[in-house]
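Text of the file entry_18.txt, holding compact mmCIF, C-alpha atoms:
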```txt
# COMPACT_ATOMS: atom_id res chain seq x y z
CA MET A 1275 0.00 0.00 0.00
CA GLY A 1276 2.88 2.39 0.77
CA GLN A 1277 4.46 2.28 -2.68
CA GLU A 1278 1.02 2.41 -4.28
CA ASN A 1279 0.15 5.60 -2.38
CA LYS A 1280 3.53 7.11 -3.20
CA LEU A 1281 2.91 6.42 -6.88
CA LYS A 1282 -0.59 7.93 -6.66
CA ILE A 1283 0.85 11.03 -4.99
CA ARG A 1284 3.62 11.30 -7.59
CA ASN A 1285 1.21 10.94 -10.51
CA ALA A 1286 -1.24 13.40 -8.98
CA ALA A 1287 1.54 15.90 -8.31
CA VAL A 1288 2.76 15.64 -11.90
CA GLN A 1289 -0.76 16.34 -13.15
CA VAL A 1290 -1.46 19.26 -10.82
CA ILE A 1291 1.98 20.89 -11.00
CA SER A 1292 1.88 20.60 -14.79
CA GLU A 1293 -1.42 22.47 -14.89
CA LYS A 1294 -1.01 25.00 -12.06
CA GLY A 1295 2.74 25.35 -11.76
CA PHE A 1296 4.77 24.49 -8.67
CA TYR A 1297 4.23 27.81 -6.90
CA ASN A 1298 0.43 27.70 -7.23
CA THR A 1299 0.10 24.04 -6.27
CA ARG A 1300 -0.92 23.23 -2.71
CA MET A 1301 -0.62 19.91 -0.91
CA LEU A 1302 -4.43 19.93 -0.79
CA ASP A 1303 -4.58 20.08 -4.61
CA ILE A 1304 -2.30 17.06 -4.87
CA ALA A 1305 -4.29 15.16 -2.24
CA GLU A 1306 -7.55 15.84 -4.04
CA GLU A 1307 -6.10 14.70 -7.39
CA ALA A 1308 -4.71 11.56 -5.74
CA GLU A 1309 -8.02 10.98 -3.94
CA LEU A 1310 -6.17 10.76 -0.63
CA ALA A 1311 -6.45 12.69 2.62
CA VAL A 1312 -3.96 15.53 2.99
CA GLY A 1313 -2.60 13.80 6.11
CA THR A 1314 -1.74 10.78 3.98
CA LEU A 1315 0.50 12.96 1.80
CA TYR A 1316 2.35 14.12 4.89
CA ASN A 1317 2.96 10.49 5.87
CA TYR A 1318 5.13 10.21 2.75
CA PHE A 1319 6.37 13.77 2.07
CA LYS A 1320 7.04 16.75 4.33
CA SER A 1321 6.28 19.30 1.63
CA LYS A 1322 5.54 19.82 -2.04
CA ASP A 1323 9.27 20.52 -2.46
CA GLU A 1324 9.95 16.98 -1.32
CA ILE A 1325 7.34 15.63 -3.75
CA LEU A 1326 8.98 17.55 -6.60
CA GLU A 1327 12.37 16.15 -5.62
CA TYR A 1328 10.86 12.67 -5.59
CA ILE A 1329 9.50 13.19 -9.11
CA PHE A 1330 12.97 14.22 -10.29
CA ALA A 1331 14.63 11.37 -8.38
CA LYS A 1332 12.37 8.80 -10.04
CA GLU A 1333 13.00 10.27 -13.49
CA MET A 1334 16.75 10.30 -12.85
CA GLU A 1335 16.54 6.69 -11.75
CA ARG A 1336 14.75 5.86 -15.01
CA ARG A 1337 17.38 7.61 -17.12
CA MET A 1338 20.22 5.90 -15.28
CA GLU A 1339 18.50 2.53 -15.81
CA ILE A 1340 18.24 3.28 -19.52
CA ILE A 1341 21.94 4.17 -19.61
CA ALA A 1342 22.86 0.95 -17.77
CA GLU A 1343 20.70 -1.15 -20.12
CA LEU A 1344 22.25 0.45 -23.18
CA LYS A 1345 25.78 0.04 -21.83
CA ALA A 1346 25.07 -3.65 -21.31
CA LYS A 1347 24.15 -3.96 -25.00
CA ASP A 1348 27.71 -3.09 -26.03
CA ILE A 1349 26.63 -0.95 -29.00
CA SER A 1350 28.32 1.96 -30.75
CA THR A 1351 28.09 5.39 -29.18
CA LYS A 1352 26.02 6.63 -32.08
CA LYS A 1353 23.49 3.83 -31.58
CA PHE A 1354 23.62 4.32 -27.82
CA LEU A 1355 22.78 8.02 -28.07
CA LYS A 1356 19.99 7.44 -30.60
CA GLU A 1357 18.37 4.73 -28.45
CA PHE A 1358 18.73 6.89 -25.35
CA LEU A 1359 17.00 9.77 -27.12
CA ASP A 1360 14.26 7.52 -28.51
CA ARG A 1361 13.46 6.11 -25.08
CA HIS A 1362 13.73 9.45 -23.30
CA PHE A 1363 11.38 11.24 -25.68
CA GLU A 1364 8.95 8.31 -25.81
CA VAL A 1365 8.36 8.64 -22.05
CA LEU A 1366 7.52 12.31 -22.50
CA ILE A 1367 5.30 11.75 -25.51
CA ARG A 1368 3.29 9.28 -23.44
CA ASN A 1369 3.21 11.66 -20.46
CA PRO A 1370 3.52 15.32 -21.53
CA HIS A 1371 2.56 16.47 -18.02
CA LEU A 1372 5.75 14.87 -16.74
CA GLY A 1373 7.76 16.70 -19.39
CA ARG A 1374 6.24 20.02 -18.38
CA VAL A 1375 7.11 19.45 -14.74
CA VAL A 1376 10.67 18.33 -15.45
CA VAL A 1377 11.40 21.25 -17.78
CA ARG A 1378 9.52 24.06 -16.06
CA GLU A 1379 10.07 23.26 -12.42
CA LYS A 1380 13.74 22.30 -12.33
CA ASP A 1381 14.66 25.71 -10.88
CA PHE A 1382 11.49 26.52 -9.00
CA SER A 1383 11.51 24.51 -5.80
CA GLY A 1384 12.21 26.81 -2.85
CA ARG A 1385 14.73 24.53 -1.20
CA GLU A 1386 18.13 26.20 -1.57
CA LYS A 1387 17.76 26.83 -5.30
CA SER A 1388 16.61 23.22 -5.81
CA GLY A 1389 19.93 21.75 -4.74
CA ASN A 1390 18.85 18.13 -4.98
CA ILE A 1391 17.10 18.68 -8.31
CA GLN A 1392 20.16 20.45 -9.70
CA GLN A 1393 22.27 17.52 -8.48
CA PHE A 1394 20.05 15.10 -10.44
CA ILE A 1395 20.65 17.17 -13.57
CA GLU A 1396 24.41 17.26 -12.93
CA THR A 1397 24.41 13.48 -12.45
CA LEU A 1398 22.78 13.00 -15.84
CA ILE A 1399 25.25 15.38 -17.50
CA GLU A 1400 28.13 13.49 -15.84
CA ALA A 1401 26.72 10.18 -17.12
CA LEU A 1402 26.52 11.62 -20.63
CA GLU A 1403 30.04 12.98 -20.27
CA ASP A 1404 31.23 9.47 -19.39
CA ILE A 1405 29.66 8.21 -22.62
CA PHE A 1406 31.59 10.81 -24.63
CA VAL A 1407 34.84 10.11 -22.72
CA GLU A 1408 34.50 6.42 -23.54
CA ALA A 1409 33.68 7.19 -27.18
CA LEU A 1410 36.79 9.37 -27.36
CA ALA A 1411 38.93 6.61 -25.84
CA ASN A 1412 37.51 4.11 -28.36
CA SER A 1413 38.19 6.49 -31.27
CA GLU A 1414 34.49 6.66 -32.13
CA ILE A 1415 34.35 10.45 -32.02
CA LYS A 1416 36.63 13.33 -32.90
CA ASP A 1417 38.74 15.08 -30.29
CA ILE A 1418 36.08 17.15 -28.55
CA ASP A 1419 35.60 18.32 -24.99
CA PRO A 1420 33.40 15.53 -23.51
CA HIS A 1421 31.99 17.80 -20.81
CA LEU A 1422 30.95 20.51 -23.26
CA MET A 1423 29.47 17.87 -25.57
CA ALA A 1424 27.45 16.40 -22.68
CA VAL A 1425 26.16 19.86 -21.72
CA PHE A 1426 25.31 20.58 -25.37
CA PHE A 1427 23.53 17.23 -25.74
CA PHE A 1428 21.55 17.77 -22.53
CA GLY A 1429 20.71 21.33 -23.62
CA ALA A 1430 19.43 20.12 -26.98
CA ILE A 1431 17.16 17.61 -25.24
CA HIS A 1432 15.94 20.22 -22.77
CA GLY A 1433 15.32 22.81 -25.48
CA MET A 1434 13.31 20.42 -27.63
CA ILE A 1435 11.16 19.39 -24.69
CA GLU A 1436 10.57 22.93 -23.52
CA HIS A 1437 9.55 24.12 -26.98
CA ALA A 1438 7.36 21.11 -27.75
CA LEU A 1439 5.52 21.26 -24.45
CA THR A 1440 4.99 25.01 -24.27
CA LYS A 1441 3.66 25.38 -27.81
CA PRO A 1442 2.14 22.65 -27.34
CA ASP A 1443 3.47 20.51 -30.16
CA ILE A 1444 4.05 17.18 -28.43
CA MET A 1445 4.43 15.32 -31.70
CA MET A 1446 7.54 17.38 -32.42
CA LEU A 1447 9.21 15.09 -29.88
CA LYS A 1448 8.79 12.15 -32.27
CA ASN A 1449 11.28 13.79 -34.64
CA ALA A 1450 13.56 15.16 -31.93
CA PRO A 1451 15.90 12.13 -31.57
CA GLN A 1452 16.76 12.06 -35.27
CA PHE A 1453 17.06 15.84 -35.44
CA ILE A 1454 19.47 15.95 -32.49
CA MET A 1455 21.54 13.09 -33.92
CA GLU A 1456 21.82 14.91 -37.26
CA ARG A 1457 23.09 18.02 -35.43
CA ILE A 1458 25.93 16.04 -33.80
CA GLU A 1459 26.72 13.76 -36.74
CA HIS A 1460 29.97 15.64 -37.40
CA ILE A 1461 31.56 14.42 -34.14
CA PHE A 1462 31.59 10.77 -35.22
CA ILE A 1463 34.66 9.40 -36.99
CA ASN A 1464 33.00 6.90 -39.31
```

Using the file provided, produce a representation of the structure as structure tokens.
Amino acid sequence: MGQENKLKIRNAAVQVISEKGFYNTRMLDIAEEAELAVGTLYNYFKSKDEILEYIFAKEMERRMEIIAELKAKDISTKKFLKEFLDRHFEVLIRNPHLGRVVVREKDFSGREKSGNIQQFIETLIEALEDIFVEALANSEIKDIDPHLMAVFFFGAIHGMIEHALTKPDIMMLKNAPQFIMERIEHIFIN
């Protein structure tokens, strides 16, 4: 029951925060959407900041699982990046509310400039940087700065999501993986 309620709270928070924004969302709004008593929310989370961090933590966990699965496949970096993009954007196409929360609210939580949320983002950029470092070591890509490439790659993803979800033009995300890959094609050696 505990994990089920946590999932209900998470899903409800994604829905409400996506529609109202983090600042305008109250714990009561989330409780009503989840069809739970407000007190039940407080059994799992101290504040809406903590709920937002949980949303980001779960999404980071998903992305790191995708990275681990793709690393286990032992595929080229080009294929790795394309599959990562395909899977990442597919999640957001299926759940645009999640995309809105992840893009819009990354800086908005009141807790020390969203320290934990910013750390999740840095962790993803570091994981991407590791991919580019390995590709460089394996002579799959040209001599580029792996950190700058990871930041660029992350920024391209973020920009596509933000534009697609604020327009809204969610179907733009279907073409995003190929578009991003075409923009970085020049870094690959073969």

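For range 1414-1419 of chain A, the list of residues within 10 Å, based on only C-alpha atoms and with local chain neighbours fewer than 2 positions off taken out, reads A:Ser1350, A:Thr1351, A:Lys1352, A:Glu1403, A:Phe1406, A:Val1407, A:Glu1408, A:Ala1409, A:Leu1410, A:Ala1411, A:Asn1412, A:His1421, A:Leu1422, A:Met1423, A:Ala1424, A:Glu1459, A:His1460, A:Ile1461, A:Phe1462, A:Ile1463, A:Asn1464.
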
* A:Ile1395, A:Ala1342, A:Ile1405, A:Ala1450: which is nearest His1437 in chain A, counting only C-alpha atoms? -> A:Ala1450

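If you measure from each of A:Asp1443, A:Glu1333, A:Glu1343, A:Glu1357 to Leu1398 in chain A using all atoms listed in the file, the closest one turns out to be A:Glu1333.
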
* Nearby residues, (-6.0, 17.7, -0.2) file frame, 8 Å, only C-alpha atoms, as a PyMOL selection string -> chain A and resi 1300-1307+1309-1312

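Shortest separation to Phe1453 in chain A among A:Arg1368, A:His1362, A:Lys1356, A:Lys1282 occurs at residue A:Lys1356, atoms counted being all atoms listed in the file.
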
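The residue that comes closest to Ser1321 in chain A, out of A:Gln1392, A:Ser1292, A:Ile1283, A:Glu1335 and on the basis of all atoms listed in the file, is A:Ile1283.
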
* Nearest candidate to Tyr1318 in chain A (options A:Ala1331, A:Leu1281, A:Val1288, A:Ile1340; using only C-alpha atoms) -> A:Leu1281

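When CA of Val1376 in chain A is paired with CA of Ala1401 in chain A, their separation reads 18.1 Å.
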
* Asked: How many Å lie between CA of Lys1332 in chain A and CA of Lys1347 in chain A, rounded to one decimal?
  -> 22.9 Å

* Which protein, DNA or RNA residues are at most 10 Å from (12.4, 7.0, -21.2) in the file's coordinates when you count all atoms listed in the file, listed as a ChimeraX atom specification? -> /A:1333-1334,1336-1340,1357-1368

* Which of these residues is nearest to Phe1330 in chain A, using all atoms listed in the file: A:Arg1378, A:Lys1441, A:Arg1457, A:Lys1448? -> A:Arg1378

* Measure the distance from CA of Thr1397 in chain A to CA of Leu1355 in chain A in Å and round it to one decimal. => 16.6 Å
